[in-house]
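This report refers to the structure that appears directly beneath it.
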Amino acid sequence: MSTLNSQHTLPLDQSIIDSTLRTSHGEHAYLIVEKLNDAGFDAWWVGGCVRDMLLKKTPDDIDIATSALPEDIVKTFSHVDERGKEWGSLHVTVGKETFHITTFREDDAASDGRHPKSVLFGTREQDAARRDFTVNAMYFHPITRKFYDPYGGEADLLERLIRFIGDPALRIKHDALRMLRAVRFRAMLDGQYHPETYIALQELASYIEVLSGTRRLLELEKILLLDNPARALEDLWDLRLLEYMLPELAVCKGVPQPADYHHEGDVWEHLLLCTKAFTDEHGIDVRLATLFHDCGKAKTFSLKDRIRFDHHASVSANLTRHALQRLQCPAKRREKICWLIEHHMMMGSFFDMPDERKAHWYHHPLFLELLQLFWLDIAGTDPADFSLYERIVADRNAFLDAHPLPIKLLLTGEEIMNILGISPGEKVGEVIKALHEAQIRGEVRSKKEARIFIERE
């Protein structure tokens, strides 16, 4: 087991090292370390890849830390992306694969909680001391097979323990993003918090507000892409991080739902259950729409003949729009997500529509993602009744069989929205219809002509 400042042979089956080195990624990462060593520099695999190997997983991604300065890395390798050079962070391409290489750094005490004011290059020991969690401060040398674990990361990994290196409060105040990372790693490892880490996270939750929206959104997306995002989301609520980051969601806890239709519990429980139903086919925009789709229920709750949430879809969409603006989500993505939310209560509307209206919906470029949101909404409900969803799918398939688009559009709905700078809505359907008819008439035969045509429309 690891002890302070320990350096020894990696406590792994030889098979996991061999299987990693047999991959193209592992082979190229080995060659990078070899080339840096030959040039006189120290270099190690670090962080997540070492953690994965200790968990008997072949890593998909390998980061490298080195004593080589950024200018040394540029001289040593042919294909270097120098963006981030001033921070000692470069991307090197070997073959067809790209690797993140960082110069050993130490923490600069000056920080506004968003990022360090400057970067100080240092030793491997200083580099380990500046990392966030013990399970991320482990180093492996693929040539000598040495393992460097100065803060007991191996022992913590065996306990699935998330523990800040050093004083937890100082680590958080130096970079508040570490709070969201702690939550994500706890869920990713199906782990637990060290008591001091847990207390610091709860007491300093308000520090999350100093982060840029962009950094918060990126970490939220990583959470939603986990195998078990519900666990992380529950932690965000428990630690009060959600209260400061996404109050629109925090207020959903404790909002009751009609008992006849929602045995799963309150609105928050419904949202968590929806995220538990995510599959690989659900993209990040659908996942975000699912997370927010019922956030308006807290504002629209009323008790009449039964619990009701009148117009909650449009209210949810508006609340989501404001939340995503704070998170600096790009406008086109924001409007797409809000469009999905605004229309998520339409499931019973399609069957009585005339064919012209059905064509608008069933040919809409976002309809398949709307269907996914329908499905997830049902999957997050107990009892889950998919009969209406299955009727919609059958009706759409029958309609498309009877009303196919005989010519493949030269531009997709996404391309049309990008070219015209418009958001999802009826205008997109109108342009698609006009372009389709122009293609049938032979007036438009190429993507260039299609672009000119829609810009004139």
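Every chain in the structure tokens takes a letter, A first, then B, and so on in the order presented; its residues are numbered from 1, and the ligands are numbered from 1 following the presented order.
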
- [ ] as a PyMOL selection string, list the residues of segment 250-398 of chain A assigned to alpha helix (DSSP H) by DSSP on the backbone atoms of this structure.
- [x] chain A and resi 250+267-276+284-292+297-300+312-326+331-342+355-362+367-379+387-398

Open item on the list: Using only C-alpha atoms, which protein or nucleic acid residues come within 10 Å of segment 445-453 of chain A? Drop anything in the same chain fewer than 5 positions from it, and give the result as JSON, numbers by chain.
Closed with: {"A": [409, 410, 411, 415, 416, 419, 420, 431, 434, 435, 436, 438, 439, 440]}

Task: Residue among A:Met245, A:Val267, A:Ala323, A:Ile432 lying closest to Trp361 of chain A, counting only C-alpha atoms - done: A:Ile432

Contacts of Asp235 of chain A at 12 Å or less, counting only C-alpha atoms, minus same-chain residues fewer than 5 places along, as a PDB file with N, CA and C atoms, in the first residue's frame?
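Final output, part05.pdb:
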ATOM      1  N   MET A 179     -14.824  21.688  -6.790  1.00  0.00           N
ATOM      2  CA  MET A 179     -16.014  21.187  -6.109  1.00  0.00           C
ATOM      3  C   MET A 179     -16.853  20.333  -7.052  1.00  0.00           C
ATOM      4  N   LEU A 180     -17.036  20.804  -8.282  1.00  0.00           N
ATOM      5  CA  LEU A 180     -17.811  20.026  -9.254  1.00  0.00           C
ATOM      6  C   LEU A 180     -17.056  18.764  -9.651  1.00  0.00           C
ATOM      7  N   ARG A 181     -15.753  18.856  -9.728  1.00  0.00           N
ATOM      8  CA  ARG A 181     -14.952  17.682 -10.060  1.00  0.00           C
ATOM      9  C   ARG A 181     -15.046  16.637  -8.944  1.00  0.00           C
ATOM     10  N   ALA A 182     -15.083  17.084  -7.700  1.00  0.00           N
ATOM     11  CA  ALA A 182     -15.224  16.148  -6.588  1.00  0.00           C
ATOM     12  C   ALA A 182     -16.524  15.363  -6.698  1.00  0.00           C
ATOM     13  N   VAL A 183     -17.582  16.068  -7.016  1.00  0.00           N
ATOM     14  CA  VAL A 183     -18.891  15.416  -7.179  1.00  0.00           C
ATOM     15  C   VAL A 183     -18.849  14.421  -8.333  1.00  0.00           C
ATOM     16  N   ARG A 184     -18.240  14.836  -9.438  1.00  0.00           N
ATOM     17  CA  ARG A 184     -18.192  13.960 -10.615  1.00  0.00           C
ATOM     18  C   ARG A 184     -17.354  12.712 -10.342  1.00  0.00           C
ATOM     19  N   PHE A 185     -16.201  12.882  -9.701  1.00  0.00           N
ATOM     20  CA  PHE A 185     -15.349  11.725  -9.433  1.00  0.00           C
ATOM     21  C   PHE A 185     -15.996  10.779  -8.433  1.00  0.00           C
ATOM     22  N   ARG A 186     -16.715  11.323  -7.450  1.00  0.00           N
ATOM     23  CA  ARG A 186     -17.406  10.475  -6.492  1.00  0.00           C
ATOM     24  C   ARG A 186     -18.408   9.579  -7.199  1.00  0.00           C
ATOM     25  N   ALA A 187     -19.177  10.170  -8.148  1.00  0.00           N
ATOM     26  CA  ALA A 187     -20.155   9.379  -8.896  1.00  0.00           C
ATOM     27  C   ALA A 187     -19.469   8.414  -9.854  1.00  0.00           C
ATOM     28  N   GLY A 191     -17.991   6.202  -5.298  1.00  0.00           N
ATOM     29  CA  GLY A 191     -17.185   6.315  -4.104  1.00  0.00           C
ATOM     30  C   GLY A 191     -17.836   7.069  -2.970  1.00  0.00           C
ATOM     31  N   GLN A 192     -16.971   7.622  -2.110  1.00  0.00           N
ATOM     32  CA  GLN A 192     -17.415   8.351  -0.934  1.00  0.00           C
ATOM     33  C   GLN A 192     -16.424   9.479  -0.669  1.00  0.00           C
ATOM     34  N   TYR A 193     -16.859  10.463   0.108  1.00  0.00           N
ATOM     35  CA  TYR A 193     -16.006  11.608   0.416  1.00  0.00           C
ATOM     36  C   TYR A 193     -15.272  11.396   1.734  1.00  0.00           C
ATOM     37  N   TYR A 198     -15.869  16.486   2.494  1.00  0.00           N
ATOM     38  CA  TYR A 198     -17.321  16.690   2.490  1.00  0.00           C
ATOM     39  C   TYR A 198     -17.697  17.992   3.196  1.00  0.00           C
ATOM     40  N   LEU A 201     -16.746  21.038   1.071  1.00  0.00           N
ATOM     41  CA  LEU A 201     -17.636  21.197  -0.079  1.00  0.00           C
ATOM     42  C   LEU A 201     -18.944  21.859   0.348  1.00  0.00           C
ATOM     43  N   GLN A 202     -19.484  21.427   1.467  1.00  0.00           N
ATOM     44  CA  GLN A 202     -20.760  21.958   1.924  1.00  0.00           C
ATOM     45  C   GLN A 202     -20.624  23.405   2.414  1.00  0.00           C
ATOM     46  N   ALA A 205     -19.884  26.027  -0.627  1.00  0.00           N
ATOM     47  CA  ALA A 205     -20.690  25.858  -1.850  1.00  0.00           C
ATOM     48  C   ALA A 205     -20.875  27.154  -2.617  1.00  0.00           C
ATOM     49  N   ILE A 223     -20.916  15.543 -16.121  1.00  0.00           N
ATOM     50  CA  ILE A 223     -21.736  14.840 -15.130  1.00  0.00           C
ATOM     51  C   ILE A 223     -22.883  14.114 -15.811  1.00  0.00           C
ATOM     52  N   ASN A 228     -23.887   7.126 -14.109  1.00  0.00           N
ATOM     53  CA  ASN A 228     -24.873   7.345 -13.048  1.00  0.00           C
ATOM     54  C   ASN A 228     -24.951   8.831 -12.704  1.00  0.00           C
ATOM     55  N   PRO A 229     -25.479   9.648 -13.617  1.00  0.00           N
ATOM     56  CA  PRO A 229     -25.544  11.089 -13.338  1.00  0.00           C
ATOM     57  C   PRO A 229     -26.434  11.428 -12.155  1.00  0.00           C
ATOM     58  N   ALA A 230     -27.436  10.583 -11.864  1.00  0.00           N
ATOM     59  CA  ALA A 230     -28.367  10.886 -10.773  1.00  0.00           C
ATOM     60  C   ALA A 230     -27.638  10.996  -9.438  1.00  0.00           C
ATOM     61  N   ARG A 240     -25.483  21.688  -1.506  1.00  0.00           N
ATOM     62  CA  ARG A 240     -25.977  23.048  -1.752  1.00  0.00           C
ATOM     63  C   ARG A 240     -25.323  23.700  -2.970  1.00  0.00           C
ATOM     64  N   LEU A 241     -24.567  22.953  -3.724  1.00  0.00           N
ATOM     65  CA  LEU A 241     -23.975  23.503  -4.943  1.00  0.00           C
ATOM     66  C   LEU A 241     -25.053  23.853  -5.959  1.00  0.00           C
ATOM     67  N   LEU A 242     -26.104  23.025  -6.038  1.00  0.00           N
ATOM     68  CA  LEU A 242     -27.171  23.269  -6.998  1.00  0.00           C
ATOM     69  C   LEU A 242     -27.901  24.574  -6.681  1.00  0.00           C
ATOM     70  N   GLU A 243     -28.039  24.878  -5.423  1.00  0.00           N
ATOM     71  CA  GLU A 243     -28.716  26.105  -4.992  1.00  0.00           C
ATOM     72  C   GLU A 243     -28.039  27.336  -5.568  1.00  0.00           C
ATOM     73  N   ALA A 250     -32.847  23.361  -8.140  1.00  0.00           N
ATOM     74  CA  ALA A 250     -32.820  23.120  -6.699  1.00  0.00           C
ATOM     75  C   ALA A 250     -34.218  23.205  -6.085  1.00  0.00           C
ATOM     76  N   LEU A 272     -34.476  12.951 -11.580  1.00  0.00           N
ATOM     77  CA  LEU A 272     -33.377  12.003 -11.359  1.00  0.00           C
ATOM     78  C   LEU A 272     -33.657  10.675 -12.051  1.00  0.00           C
TER      79      LEU A 272
END

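The space between atom CA of His363 of chain A and atom CA of Leu400 of chain A spans 8.3 Å.
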
Task: Residue contacts of Arg130 of chain A (8 Å, only C-alpha atoms) excluding same-chain residues fewer than 6 positions away, as a PyMOL selection string - done: chain A and resi 105-107+165

Task: Residues within 12 Å of Glu269 of chain A, only C-alpha atoms, excluding chain neighbours under 3 positions, as a VMD selection string - done: chain A and resid 230 to 231 233 to 234 237 249 to 250 252 to 257 262 to 266 272 to 276 291 294 to 295 380 to 382

What lies within 7 Å of Val315 of chain A using only C-alpha atoms, ignoring chain neighbours under 4 positions off, as a PDB file with C-alpha atoms, in the first residue's frame?
ATOM      1  CA  GLY A 296     -41.202  25.085 -14.263  1.00  0.00           C
ATOM      2  CA  HIS A 311     -48.361  25.742 -18.849  1.00  0.00           C
ATOM      3  CA  LEU A 319     -36.379  29.226 -16.924  1.00  0.00           C
TER       4      LEU A 319
END

Open item on the list: Would you compute the distance between atom CA of Thr58 of chain A and atom CA of Gly152 of chain A? Give it in Å to one decimal.
Closed with: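 Distance reported for this atom pair: 21.6 Å.
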
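Distances here use only C-alpha atoms; by that measure, the residue among A:Gly40, A:Gly421, A:Gly26, A:Gly95 closest to Ile62 of chain A is A:Gly26.
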
- [ ] Kindly indicate which residue among A:Ile378, A:Ile73, A:Ile392, A:Met188 lies nearest to Asp352 of chain A, using only C-alpha atoms for the distances.
- [x]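 Of all the options, A:Ile392 lies closest to Asp352 of chain A.
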
TODO: Could you tell me, as an NGL selection string, which residues of segment 52-191 of chain A DSSP assigns to strand (DSSP E or B) when given the backbone?
DONE: :A and (63-66 or 80-81 or 89-94 or 97-103 or 105-106 or 111 or 113 or 116 or 120-121 or 133 or 139-140 or 146-149 or 161-162 or 164 or 175)

Keeping only C-alpha atoms, write the selected residues as a PDB file, in the first residue's frame.
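File produced: part27.pdb:
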ATOM      1  CA  ASP A  63      -1.856  12.461 -20.119  1.00  0.00           C
ATOM      2  CA  ILE A  64       1.858  13.084 -19.667  1.00  0.00           C
ATOM      3  CA  ALA A  65       3.679  15.339 -17.207  1.00  0.00           C
ATOM      4  CA  THR A  66       7.298  16.269 -17.778  1.00  0.00           C
ATOM      5  CA  VAL A  80       2.599  20.601 -31.455  1.00  0.00           C
ATOM      6  CA  ASP A  81      -0.489  22.693 -30.807  1.00  0.00           C
ATOM      7  CA  SER A  89      -0.017  22.919 -21.417  1.00  0.00           C
ATOM      8  CA  LEU A  90       0.516  21.628 -24.954  1.00  0.00           C
ATOM      9  CA  HIS A  91      -1.058  19.052 -27.258  1.00  0.00           C
ATOM     10  CA  VAL A  92       1.304  16.837 -29.215  1.00  0.00           C
ATOM     11  CA  THR A  93       0.187  14.679 -32.133  1.00  0.00           C
ATOM     12  CA  VAL A  94       1.968  11.400 -32.792  1.00  0.00           C
ATOM     13  CA  GLU A  97      -3.356  10.533 -31.952  1.00  0.00           C
ATOM     14  CA  THR A  98      -3.099  13.626 -29.791  1.00  0.00           C
ATOM     15  CA  PHE A  99      -1.725  13.743 -26.248  1.00  0.00           C
ATOM     16  CA  HIS A 100      -1.928  16.383 -23.545  1.00  0.00           C
ATOM     17  CA  ILE A 101       1.543  17.150 -22.201  1.00  0.00           C
ATOM     18  CA  THR A 102       2.073  19.511 -19.274  1.00  0.00           C
ATOM     19  CA  THR A 103       5.249  20.821 -17.728  1.00  0.00           C
ATOM     20  CA  ARG A 105       3.983  23.013 -12.220  1.00  0.00           C
ATOM     21  CA  GLU A 106       3.501  24.297  -8.713  1.00  0.00           C
ATOM     22  CA  SER A 111      -5.893  33.032  -7.545  1.00  0.00           C
ATOM     23  CA  GLY A 113     -10.990  31.041  -7.470  1.00  0.00           C
ATOM     24  CA  PRO A 116      -4.310  30.785 -11.104  1.00  0.00           C
ATOM     25  CA  LEU A 120       5.212  28.526 -11.922  1.00  0.00           C
ATOM     26  CA  PHE A 121       7.125  25.588 -13.380  1.00  0.00           C
ATOM     27  CA  PHE A 133      -7.416  14.771  -5.310  1.00  0.00           C
ATOM     28  CA  TYR A 139       2.334   8.831 -11.727  1.00  0.00           C
ATOM     29  CA  PHE A 140       3.503   5.831 -13.764  1.00  0.00           C
ATOM     30  CA  LYS A 146       7.954   2.841 -11.467  1.00  0.00           C
ATOM     31  CA  PHE A 147       4.885   4.133  -9.603  1.00  0.00           C
ATOM     32  CA  TYR A 148       4.947   7.482  -7.767  1.00  0.00           C
ATOM     33  CA  ASP A 149       2.157   8.022  -5.236  1.00  0.00           C
ATOM     34  CA  LEU A 161     -12.338   7.736  -1.326  1.00  0.00           C
ATOM     35  CA  ILE A 162     -12.411  11.272  -2.751  1.00  0.00           C
ATOM     36  CA  PHE A 164      -8.458  16.720  -1.417  1.00  0.00           C
ATOM     37  CA  ASP A 175     -10.058  26.837  -8.017  1.00  0.00           C
TER      38      ASP A 175
END

Open item on the list: Please determine, counting only C-alpha atoms, which residue among A:Gly348, A:Pro142, A:Gly122, A:Gly84 has the shortest atom-to-atom distance to Asp18 of chain A.
Closed with: A:Pro142

Open item on the list: List the spatial neighbours of segment 427-430 of chain A as a PyMOL selection string - criterion: any atom at most 7 Å away, only C-alpha atoms, same-chain residues fewer than 5 positions off excluded.
Closed with: chain A and resi 360+364+413+417

Task: Which of A:Ala394, A:Val135, A:Leu217, A:Leu340 sits closest to Phe374 of chain A [using only C-alpha atoms] - done: A:Leu340

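Going from atom CA of Glu219 of chain A over to atom CA of Arg178 of chain A, you cover 10.0 Å.
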
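When only C-alpha atoms are used to compute distances to Gly48 of chain A, the closest of the residues A:His79, A:Arg131, A:Arg215, A:Arg391 turns out to be A:Arg131.
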